[in-house]
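Source file: entry-v1.tsv; contents: TSV, C-alpha atoms.
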```tsv
chain	number	residue	atom	x	y	z
H	754	MET	CA	15.73	-12.21	-105.24
H	755	ALA	CA	14.75	-12.88	-101.63
H	756	GLU	CA	17.10	-15.18	-99.75
H	757	LYS	CA	15.85	-18.43	-98.26
H	758	SER	CA	15.38	-16.87	-94.82
H	759	ASN	CA	11.60	-17.02	-94.52
H	760	ILE	CA	9.39	-19.45	-92.63
H	761	ILE	CA	6.23	-20.38	-94.51
H	762	LEU	CA	3.38	-21.95	-92.53
H	763	ILE	CA	0.92	-24.21	-94.36
H	764	GLY	CA	-2.00	-26.28	-93.12
H	765	MET	CA	-5.76	-26.47	-92.95
H	766	PRO	CA	-7.85	-23.42	-92.10
H	767	GLY	CA	-8.04	-23.25	-88.31
H	768	ALA	CA	-4.66	-24.97	-87.81
H	769	GLY	CA	-3.31	-21.81	-86.16
H	770	LYS	CA	-1.00	-20.53	-88.91
H	771	SER	CA	-1.70	-16.84	-88.24
H	772	THR	CA	-1.80	-17.16	-84.45
H	773	VAL	CA	1.38	-19.23	-84.25
H	774	GLY	CA	2.99	-17.11	-86.97
H	775	VAL	CA	2.63	-13.83	-85.07
H	776	VAL	CA	4.13	-15.31	-81.89
H	777	LEU	CA	6.94	-17.07	-83.80
H	778	ALA	CA	7.83	-13.87	-85.69
H	779	LYS	CA	8.01	-11.92	-82.42
H	780	LYS	CA	10.16	-14.56	-80.79
H	781	LYS	CA	12.61	-14.76	-83.74
H	782	GLY	CA	12.67	-11.02	-84.47
H	783	TYR	CA	11.12	-11.62	-87.92
H	784	ARG	CA	8.36	-9.75	-89.70
H	785	PHE	CA	4.95	-11.40	-90.00
H	786	LEU	CA	2.87	-11.56	-93.17
H	787	ASP	CA	-0.57	-13.13	-93.56
H	788	SER	CA	-1.03	-13.90	-97.26
H	789	ASP	CA	-4.84	-13.93	-96.90
H	790	LEU	CA	-4.66	-10.30	-95.75
H	791	VAL	CA	-2.43	-9.44	-98.72
H	792	ILE	CA	-5.08	-10.92	-101.05
H	793	GLN	CA	-7.91	-9.04	-99.27
H	794	GLU	CA	-5.97	-5.78	-99.43
H	795	LYS	CA	-5.04	-6.17	-103.11
H	796	TYR	CA	-8.64	-6.96	-104.14
H	797	ASP	CA	-10.35	-4.81	-101.49
H	798	ALA	CA	-12.67	-7.69	-100.62
H	799	LEU	CA	-13.00	-10.41	-98.00
H	800	LEU	CA	-11.98	-13.96	-98.97
H	801	TYR	CA	-15.54	-15.30	-99.00
H	802	GLU	CA	-16.57	-12.38	-101.24
H	803	LEU	CA	-13.78	-13.24	-103.68
H	804	ILE	CA	-14.84	-16.91	-103.68
H	805	ALA	CA	-18.46	-15.84	-104.31
H	806	GLU	CA	-17.41	-13.53	-107.16
H	807	TYR	CA	-14.72	-15.62	-108.89
H	808	GLY	CA	-15.69	-19.15	-107.81
H	809	THR	CA	-13.37	-21.58	-106.03
H	810	GLU	CA	-11.12	-22.09	-109.05
H	811	GLY	CA	-10.90	-18.37	-109.79
H	812	PHE	CA	-10.03	-17.69	-106.16
H	813	LYS	CA	-7.25	-20.32	-106.26
H	814	LYS	CA	-5.75	-18.52	-109.29
H	815	ILE	CA	-5.83	-15.20	-107.42
H	816	GLU	CA	-4.27	-16.85	-104.38
H	817	GLU	CA	-1.50	-18.44	-106.45
H	818	GLU	CA	-0.68	-15.20	-108.28
H	819	VAL	CA	-0.50	-13.16	-105.06
H	820	ASN	CA	1.56	-15.77	-103.18
H	821	ALA	CA	3.99	-16.26	-106.08
H	822	SER	CA	4.64	-12.49	-106.06
H	823	ILE	CA	5.58	-12.22	-102.36
H	824	ARG	CA	9.13	-10.87	-102.05
H	825	THR	CA	10.39	-10.69	-98.49
H	826	ARG	CA	13.11	-11.90	-96.16
H	827	ARG	CA	13.29	-12.82	-92.48
H	828	THR	CA	9.52	-13.10	-92.44
H	829	VAL	CA	7.07	-15.65	-91.07
H	830	ILE	CA	4.40	-16.09	-93.76
H	831	ALA	CA	1.03	-17.55	-92.78
H	832	THR	CA	-0.67	-18.83	-95.93
H	833	GLY	CA	-4.28	-19.61	-96.74
H	834	GLY	CA	-5.22	-23.28	-96.45
H	835	SER	CA	-5.68	-23.65	-100.21
H	836	VAL	CA	-2.22	-22.28	-101.13
H	837	VAL	CA	-1.01	-25.84	-101.85
H	838	TYR	CA	-3.17	-25.99	-105.00
H	839	GLY	CA	-0.87	-23.40	-106.61
H	840	ALA	CA	2.27	-25.19	-107.85
H	841	GLU	CA	3.87	-21.90	-108.93
H	842	ALA	CA	3.34	-20.32	-105.51
H	843	MET	CA	4.66	-23.40	-103.71
H	844	LYS	CA	7.75	-23.51	-105.93
H	845	HIS	CA	8.36	-19.85	-105.11
H	846	PHE	CA	7.95	-20.51	-101.37
H	847	LYS	CA	10.43	-23.43	-101.57
H	848	GLU	CA	12.95	-21.01	-103.08
H	849	ILE	CA	12.56	-18.30	-100.44
H	850	GLY	CA	12.07	-20.27	-97.24
H	851	THR	CA	11.37	-23.33	-95.16
H	852	ILE	CA	7.82	-24.67	-95.50
H	853	ILE	CA	6.33	-25.93	-92.25
H	854	TYR	CA	3.09	-27.91	-92.14
H	855	LEU	CA	1.05	-27.36	-88.97
H	856	LYS	CA	-0.79	-30.67	-88.72
H	857	LEU	CA	-4.08	-31.19	-86.86
H	858	SER	CA	-6.80	-33.83	-86.96
H	859	CYS	CA	-9.91	-33.20	-89.03
H	860	GLU	CA	-11.98	-33.37	-85.84
H	861	THR	CA	-9.99	-30.57	-84.18
H	862	ILE	CA	-10.13	-28.44	-87.35
H	863	GLY	CA	-13.92	-28.89	-87.45
H	864	GLU	CA	-14.25	-27.79	-83.81
H	865	ARG	CA	-12.19	-24.66	-84.44
H	866	LEU	CA	-13.70	-23.53	-87.74
H	867	GLY	CA	-17.42	-22.98	-87.34
H	868	ASP	CA	-19.05	-21.71	-90.57
H	869	LEU	CA	-16.72	-22.63	-93.45
H	870	ASN	CA	-18.27	-20.23	-95.96
H	871	GLU	CA	-17.95	-17.27	-93.62
H	872	ARG	CA	-14.30	-18.21	-93.04
H	873	GLY	CA	-13.55	-18.00	-96.76
H	874	VAL	CA	-12.65	-21.67	-97.10
H	875	ALA	CA	-12.22	-22.72	-100.75
H	876	LEU	CA	-14.70	-25.61	-100.85
H	877	GLN	CA	-16.17	-27.17	-103.98
H	878	LYS	CA	-19.98	-27.15	-104.07
H	879	GLY	CA	-21.29	-29.86	-101.74
H	880	GLN	CA	-17.80	-30.75	-100.45
H	881	THR	CA	-17.54	-31.61	-96.74
H	882	LEU	CA	-14.73	-30.58	-94.44
H	883	GLU	CA	-13.63	-34.21	-94.18
H	884	GLU	CA	-13.44	-34.54	-97.99
H	885	LEU	CA	-11.45	-31.30	-98.19
H	886	TYR	CA	-9.13	-32.52	-95.42
H	887	ARG	CA	-8.46	-35.85	-97.21
H	888	GLU	CA	-7.84	-34.00	-100.49
H	889	ARG	CA	-5.34	-31.52	-99.01
H	890	ILE	CA	-3.29	-33.68	-96.61
H	891	PRO	CA	-1.17	-35.29	-99.38
H	892	LEU	CA	-0.44	-31.80	-100.77
H	893	TYR	CA	0.61	-30.41	-97.39
H	894	GLU	CA	2.86	-33.44	-96.87
H	895	LYS	CA	4.30	-33.13	-100.40
H	896	TYR	CA	5.37	-29.51	-99.99
H	897	ALA	CA	6.40	-29.50	-96.32
H	898	ASP	CA	10.07	-29.35	-95.41
H	899	VAL	CA	9.04	-29.93	-91.78
H	900	MET	CA	5.83	-31.27	-90.21
H	901	ILE	CA	4.76	-30.22	-86.72
H	902	ASP	CA	2.00	-32.17	-84.99
H	903	CYS	CA	-0.05	-29.48	-83.22
H	904	GLU	CA	-2.67	-31.77	-81.69
H	905	LYS	CA	-3.32	-30.93	-78.01
H	906	LYS	CA	-0.37	-28.50	-77.89
H	907	SER	CA	-0.41	-24.89	-76.70
H	908	ILE	CA	0.77	-22.04	-78.91
H	909	ARG	CA	3.84	-21.74	-76.67
H	910	GLU	CA	4.70	-25.43	-77.17
H	911	ILE	CA	4.28	-25.18	-80.95
H	912	VAL	CA	6.39	-22.00	-81.19
H	913	SER	CA	9.09	-23.57	-79.01
H	914	GLU	CA	9.17	-26.58	-81.39
H	915	LEU	CA	9.33	-24.28	-84.42
H	916	CYS	CA	12.25	-22.31	-82.96
H	917	GLN	CA	14.28	-25.53	-82.98
H	918	VAL	CA	13.69	-26.12	-86.71
```
Write-out of the structure in structure tokens:
Amino acid sequence: MAEKSNIILIGMPGAGKSTVGVVLAKKKGYRFLDSDLVIQEKYDALLYELIAEYGTEGFKKIEEEVNASIRTRRTVIATGGSVVYGAEAMKHFKEIGTIIYLKLSCETIGERLGDLNERGVALQKGQTLEELYRERIPLYEKYADVMIDCEKKSIREIVSELCQV
């Protein structure tokens, strides 16, 4: 079983999990793993293609199964924004690492994201970004061991804060 030496980044799409994760891993001498890329590699498809093929709920099941099977140590793991819907995956992450929520305002997320469907964001039909944001915030807060407010901070500032966790 993997020891609890990993750092797991959660948060909305566009919060900077992958960007911050790569820099943090380099700085700490850890490996970096992007769970969205693991999903894409396993299924040989882009996230939005998987959502189109399996539907939002089917995609969430795929995401949970892949995340719950990650076995690693001394790794920064950037997760997909919808990972928090998978209780099994989140329980697994709690066991193998420290879960850090990268928090940003809905407005900033919206500015960063652009086309949500192209990004592979797991939205219900007709759901707005604001509705998705309000739905997910309590889940991010529930699972987070640490919350980092990333609003108006540079990657360097965020990584520096994370290194002190």
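Computed from the coordinates, the atom CA of Glu910 of chain H to atom CA of Ile852 of chain H distance equals 18.6 Å.
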Between H:Met843, H:Val912, H:Ile901, H:Leu803, which is the closest to Asp789 of chain H once you count all atoms listed in the file? H:Leu803
Can you tell me which residues surround segment 792-801 of chain H at a distance of at most 12 Å, considering all atoms listed in the file, apart from same-chain residues fewer than 6 positions away, and format the answer as a count of residues only? 31
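Among H:Ala842, H:Val837, H:Met900, H:Ile760, the residue with the shortest atom-to-atom distance to Leu855 of chain H, counting only C-alpha atoms, is H:Met900.
Among the candidates H:Glu848, H:Ile853, H:Arg784, H:Glu888, the residue lying nearest to Ile911 of chain H is H:Ile853 (atoms considered: all atoms listed in the file).
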Residue contacts of Ser913 of chain H (12 Å, all atoms listed in the file) excluding same-chain residues fewer than 6 positions away, as a VMD selection string: chain H and resid 773 to 774 776 to 778 780 to 781 901 903 906 to 907
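The coordinates place atom CA of Gly767 of chain H at 8.2 Å from atom CA of Gly863 of chain H.
Counting from atom CA of Asn759 of chain H, the distance to atom CA of Gly782 of chain H is 11.8 Å.
Considering the residues H:Tyr838, H:Thr825, H:Lys757, H:Leu915 and counting all atoms listed in the file, Leu885 of chain H has its shortest atom-to-atom contact with H:Tyr838.
If you measure from each of H:Glu884, H:Ile763, H:Cys859, H:Ser788 to Arg824 of chain H using all atoms listed in the file, the closest one turns out to be H:Ser788.
The smallest atom-to-atom distance between Lys847 of chain H and any of H:Asp898, H:Glu860, H:Glu806, H:Glu914, using all atoms listed in the file, is found for H:Asp898.
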